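Reproduced below: final-v3.pdb, with PDB, C-alpha atoms.
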MODEL        1
ATOM      1  CA  MET V1297       1.464   6.571  -5.602  1.00  0.00           C
ATOM      2  CA  ASN V1298      -0.102   9.922  -6.429  1.00  0.00           C
ATOM      3  CA  LYS V1299      -3.255  11.835  -5.559  1.00  0.00           C
ATOM      4  CA  ALA V1300      -5.365   9.618  -7.824  1.00  0.00           C
ATOM      5  CA  SER V1301      -4.213   6.277  -6.360  1.00  0.00           C
ATOM      6  CA  ILE V1302      -6.654   6.022  -3.460  1.00  0.00           C
ATOM      7  CA  PRO V1303      -9.682   7.351  -5.398  1.00  0.00           C
ATOM      8  CA  VAL V1304      -9.000   4.891  -8.237  1.00  0.00           C
ATOM      9  CA  LEU V1305      -8.703   1.984  -5.786  1.00  0.00           C
ATOM     10  CA  GLU V1306     -11.834   3.053  -3.920  1.00  0.00           C
ATOM     11  CA  LEU V1307     -13.850   3.338  -7.126  1.00  0.00           C
ATOM     12  CA  LEU V1308     -12.756  -0.099  -8.340  1.00  0.00           C
ATOM     13  CA  ASN V1309     -13.435  -1.582  -4.913  1.00  0.00           C
ATOM     14  CA  GLU V1310     -16.927  -0.095  -4.711  1.00  0.00           C
ATOM     15  CA  ALA V1311     -17.784  -1.021  -8.298  1.00  0.00           C
ATOM     16  CA  GLY V1312     -16.777  -4.656  -7.988  1.00  0.00           C
ATOM     17  CA  ILE V1313     -16.552  -4.924 -11.778  1.00  0.00           C
ATOM     18  CA  ALA V1314     -13.916  -4.354 -14.463  1.00  0.00           C
ATOM     19  CA  ILE V1315     -13.849  -0.728 -15.650  1.00  0.00           C
ATOM     20  CA  PRO V1316     -11.881   0.930 -18.483  1.00  0.00           C
ATOM     21  CA  GLY V1317      -9.554   3.814 -17.638  1.00  0.00           C
ATOM     22  CA  GLN V1318     -11.733   6.371 -19.413  1.00  0.00           C
ATOM     23  CA  THR V1319     -14.732   5.374 -17.299  1.00  0.00           C
ATOM     24  CA  ILE V1320     -12.656   5.523 -14.119  1.00  0.00           C
ATOM     25  CA  ALA V1321     -11.602   9.100 -14.960  1.00  0.00           C
ATOM     26  CA  LEU V1322     -15.144  10.122 -15.928  1.00  0.00           C
ATOM     27  CA  ASN V1323     -16.668   8.790 -12.714  1.00  0.00           C
ATOM     28  CA  LEU V1324     -14.007  10.322 -10.468  1.00  0.00           C
ATOM     29  CA  ASP V1325     -14.662  13.663 -12.151  1.00  0.00           C
ATOM     30  CA  ARG V1326     -18.378  13.313 -11.416  1.00  0.00           C
ATOM     31  CA  MET V1327     -17.915  12.081  -7.830  1.00  0.00           C
ATOM     32  CA  LEU V1328     -15.123  14.280  -6.474  1.00  0.00           C
ATOM     33  CA  SER V1329     -15.080  18.058  -6.145  1.00  0.00           C
ATOM     34  CA  HIS V1330     -11.282  18.054  -6.637  1.00  0.00           C
ATOM     35  CA  ALA V1331     -10.968  15.124  -9.007  1.00  0.00           C
ATOM     36  CA  PRO V1332      -7.615  14.228 -10.522  1.00  0.00           C
ATOM     37  CA  SER V1333      -7.269  15.010 -14.214  1.00  0.00           C
ATOM     38  CA  ARG V1334      -7.829  12.292 -16.792  1.00  0.00           C
ATOM     39  CA  ALA V1335      -4.073  12.293 -17.514  1.00  0.00           C
ATOM     40  CA  THR V1336      -3.306  11.791 -13.821  1.00  0.00           C
ATOM     41  CA  VAL V1337      -5.738   8.882 -13.645  1.00  0.00           C
ATOM     42  CA  TYR V1338      -4.110   7.239 -16.673  1.00  0.00           C
ATOM     43  CA  ARG V1339      -0.616   7.779 -15.181  1.00  0.00           C
ATOM     44  CA  THR V1340      -1.828   6.109 -11.990  1.00  0.00           C
ATOM     45  CA  LEU V1341      -2.990   2.848 -13.556  1.00  0.00           C
ATOM     46  CA  ASP V1342       0.408   1.410 -14.550  1.00  0.00           C
ATOM     47  CA  PRO V1343       2.065   1.941 -11.127  1.00  0.00           C
ATOM     48  CA  LEU V1344      -0.977   0.500  -9.338  1.00  0.00           C
ATOM     49  CA  GLU V1345      -0.782  -2.513 -11.608  1.00  0.00           C
ATOM     50  CA  ALA V1346       3.008  -2.820 -11.133  1.00  0.00           C
ATOM     51  CA  HIS V1347       2.470  -2.916  -7.348  1.00  0.00           C
ATOM     52  CA  GLY V1348      -0.183  -5.615  -7.748  1.00  0.00           C
ATOM     53  CA  LEU V1349      -3.030  -3.453  -6.430  1.00  0.00           C
ATOM     54  CA  ILE V1350      -5.038  -3.655  -9.643  1.00  0.00           C
ATOM     55  CA  GLU V1351      -4.917  -5.834 -12.721  1.00  0.00           C
ATOM     56  CA  HIS V1352      -6.259  -5.447 -16.199  1.00  0.00           C
ATOM     57  CA  VAL V1353      -8.462  -7.781 -18.112  1.00  0.00           C
ATOM     58  CA  THR V1354      -8.343  -7.470 -21.846  1.00  0.00           C
ATOM     59  CA  GLY V1355     -11.310  -7.036 -24.079  1.00  0.00           C
ATOM     60  CA  ASP V1356     -11.488  -4.466 -26.836  1.00  0.00           C
ATOM     61  CA  THR V1357      -9.818  -2.122 -24.334  1.00  0.00           C
ATOM     62  CA  LYS V1358      -8.077  -2.628 -21.009  1.00  0.00           C
ATOM     63  CA  HIS V1359     -10.511  -2.900 -18.125  1.00  0.00           C
ATOM     64  CA  TYR V1360      -9.184  -2.762 -14.570  1.00  0.00           C
ATOM     65  CA  ILE V1361     -10.199  -4.600 -11.409  1.00  0.00           C
ATOM     66  CA  ILE V1362      -8.910  -4.290  -7.882  1.00  0.00           C
ATOM     67  CA  THR V1363      -6.908  -7.227  -6.560  1.00  0.00           C
ATOM     68  CA  GLU V1364      -7.000  -8.804  -3.130  1.00  0.00           C
ATOM     69  CA  LYS V1365      -3.753  -6.956  -2.374  1.00  0.00           C
ATOM     70  CA  GLY V1366      -5.460  -3.695  -3.402  1.00  0.00           C
ATOM     71  CA  GLU V1367      -8.340  -4.434  -1.054  1.00  0.00           C
ATOM     72  CA  GLN V1368      -5.862  -5.132   1.761  1.00  0.00           C
ATOM     73  CA  PHE V1369      -4.120  -1.823   1.060  1.00  0.00           C
ATOM     74  CA  LEU V1370      -7.418   0.084   1.234  1.00  0.00           C
ATOM     75  CA  ALA V1371      -8.313  -1.683   4.480  1.00  0.00           C
ATOM     76  CA  GLY V1372      -5.019  -0.530   5.999  1.00  0.00           C
ATOM     77  CA  ASP V1373      -3.602  -4.043   6.203  1.00  0.00           C
ATOM     78  CA  LEU V1374      -0.696  -3.034   3.920  1.00  0.00           C
ATOM     79  CA  ARG V1375       1.318   0.189   3.964  1.00  0.00           C
ATOM     80  CA  ALA V1376       2.783   1.870   0.881  1.00  0.00           C
ATOM     81  CA  SER V1377       6.264   0.940   2.125  1.00  0.00           C
ATOM     82  CA  GLU V1378       5.264  -2.754   1.992  1.00  0.00           C
ATOM     83  CA  LEU V1379       4.339  -2.693  -1.692  1.00  0.00           C
TER      84      LEU V1379
ENDMDL
END

File written out as C-alpha cells:
Amino acid sequence: MNKASIPVLELLNEAGIAIPGQTIALNLDRMLSHAPSRATVYRTLDPLEAHGLIEHVTGDTKHYIITEKGEQFLAGDLRASEL
C-alpha cells in the first residue's frame, strides 16, 4: 500500500464502472490538491490487484474495478494486515 492506494480505491468505488489506469490518474490529479503522480498510480494498481482489492477487465486496454473485498477494506471491515 502507498499514498495512492486509498484514493484509487475511493475513485473506483465512487465511479462504479471500469476505468483505465490513465483515467484514474487523470481524475485523481483533477480531484486532489496533492494528487499522487501518474507513475505512483500505475505502481499502485498491481499490488491492489494482487491483494484482491481491485481486478482488471480486458478490452483494448486494462480497465479496473473495485472488488467486494476492496469495498470491505474501504468500509473498515478489513485491515491492511488482513490482506

message: What would the selection look like, as a PyMOL selection string, if the PyMOL selection byres ((chain V and resi 1319) around 12) were run on the coordinates I just shared?
response: chain V and resi 1304+1307-1308+1311+1313-1318+1320-1326+1334+1337-1338+1357-1360

- prompt: So, counting all atoms listed in the file, which residue among V:Gly1348, V:Thr1354, V:Leu1379, V:Leu1370 is closest to Glu1310 in chain V?
  reply: V:Leu1370

List every protein, DNA or RNA residue that has at least one atom no more than 9 Å from (-6.5, -3.8, -5.0) in the file's coordinates, counting all atoms listed in the file, and write the result as a compact mmCIF listing (two decimals) with C-alpha atoms, keeping the file's coordinate frame.
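Final output, part09.txt:
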# COMPACT_ATOMS: atom_id res chain seq x y z
CA LEU V 1305 -8.70 1.98 -5.79
CA GLU V 1306 -11.83 3.05 -3.92
CA LEU V 1308 -12.76 -0.10 -8.34
CA ASN V 1309 -13.44 -1.58 -4.91
CA LEU V 1344 -0.98 0.50 -9.34
CA GLU V 1345 -0.78 -2.51 -11.61
CA GLY V 1348 -0.18 -5.62 -7.75
CA LEU V 1349 -3.03 -3.45 -6.43
CA ILE V 1350 -5.04 -3.66 -9.64
CA GLU V 1351 -4.92 -5.83 -12.72
CA ILE V 1361 -10.20 -4.60 -11.41
CA ILE V 1362 -8.91 -4.29 -7.88
CA THR V 1363 -6.91 -7.23 -6.56
CA GLU V 1364 -7.00 -8.80 -3.13
CA LYS V 1365 -3.75 -6.96 -2.37
CA GLY V 1366 -5.46 -3.70 -3.40
CA GLU V 1367 -8.34 -4.43 -1.05
CA GLN V 1368 -5.86 -5.13 1.76
CA PHE V 1369 -4.12 -1.82 1.06
CA LEU V 1370 -7.42 0.08 1.23

task: Anything within 10 Å of (-6.5, 15.2, -5.8): list those residues as a ChimeraX atom specification, counting all atoms listed in the file and sticking to the file's coordinates.
output: /V:1298-1303,1328-1333,1336

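Pairwise distance (CA of Leu1374 in chain V, CA of Leu1341 in chain V) equals 18.6 Å.
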
task: Enter the distance from CA of His1352 in chain V to CA of Arg1339 in chain V, in Å, rounded to one decimal.
output: 14.4 Å

field: Given all atoms listed in the file as the counted atoms, nearest of V:Thr1340, V:His1347, V:Asp1356, V:Met1327 to Ala1376 in chain V
entry: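 Among the listed residues, the smallest separation from Ala1376 in chain V belongs to V:His1347.
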
Kindly compute an axis-aligned box around the listed atoms of range 1311-1324 of chain V, allowing 6 Å on each side, and express its centre and edge lengths in Å to one decimal as lines of an AutoDock Vina configuration file.
center_x = -13.7
center_y = 2.7
center_z = -13.7
size_x = 20.2
size_y = 27.2
size_z = 23.4

With N, CA, C and O atoms as the target, complete range 1323-1334 of chain V and hand it back as a CSV table (one decimal), keeping the file's coordinate frame.
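After the write, out_5.csv holds the following:
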chain,number,residue,atom,x,y,z
V,1323,ASN,N,-15.9,8.9,-14.0
V,1323,ASN,CA,-16.7,8.8,-12.7
V,1323,ASN,C,-16.0,9.5,-11.6
V,1323,ASN,O,-16.7,10.1,-10.7
V,1324,LEU,N,-14.7,9.5,-11.5
V,1324,LEU,CA,-14.0,10.3,-10.5
V,1324,LEU,C,-14.3,11.8,-10.6
V,1324,LEU,O,-14.5,12.5,-9.7
V,1325,ASP,N,-14.3,12.3,-11.9
V,1325,ASP,CA,-14.7,13.7,-12.2
V,1325,ASP,C,-16.1,14.0,-11.7
V,1325,ASP,O,-16.3,15.1,-11.2
V,1326,ARG,N,-17.0,13.1,-11.8
V,1326,ARG,CA,-18.4,13.3,-11.4
V,1326,ARG,C,-18.5,13.2,-9.9
V,1326,ARG,O,-19.4,13.9,-9.3
V,1327,MET,N,-17.7,12.4,-9.3
V,1327,MET,CA,-17.9,12.1,-7.8
V,1327,MET,C,-17.1,13.0,-6.9
V,1327,MET,O,-17.6,13.2,-5.8
V,1328,LEU,N,-16.0,13.5,-7.4
V,1328,LEU,CA,-15.1,14.3,-6.5
V,1328,LEU,C,-15.1,15.8,-6.9
V,1328,LEU,O,-15.0,16.1,-8.0
V,1329,SER,N,-15.1,16.6,-5.9
V,1329,SER,CA,-15.1,18.1,-6.1
V,1329,SER,C,-13.7,18.5,-6.6
V,1329,SER,O,-13.6,19.4,-7.4
V,1330,HIS,N,-12.7,17.8,-6.2
V,1330,HIS,CA,-11.3,18.1,-6.6
V,1330,HIS,C,-10.7,16.8,-7.3
V,1330,HIS,O,-9.7,16.2,-6.8
V,1331,ALA,N,-11.3,16.4,-8.3
V,1331,ALA,CA,-11.0,15.1,-9.0
V,1331,ALA,C,-9.6,15.3,-9.7
V,1331,ALA,O,-9.3,16.3,-10.2
V,1332,PRO,N,-8.9,14.2,-9.7
V,1332,PRO,CA,-7.6,14.2,-10.5
V,1332,PRO,C,-7.9,14.3,-12.0
V,1332,PRO,O,-9.0,13.9,-12.4
V,1333,SER,N,-7.0,14.9,-12.8
V,1333,SER,CA,-7.3,15.0,-14.2
V,1333,SER,C,-7.3,13.6,-14.9
V,1333,SER,O,-6.8,12.7,-14.3
V,1334,ARG,N,-7.8,13.6,-16.0
V,1334,ARG,CA,-7.8,12.3,-16.8
V,1334,ARG,C,-6.4,11.8,-17.0
V,1334,ARG,O,-6.1,10.6,-16.9
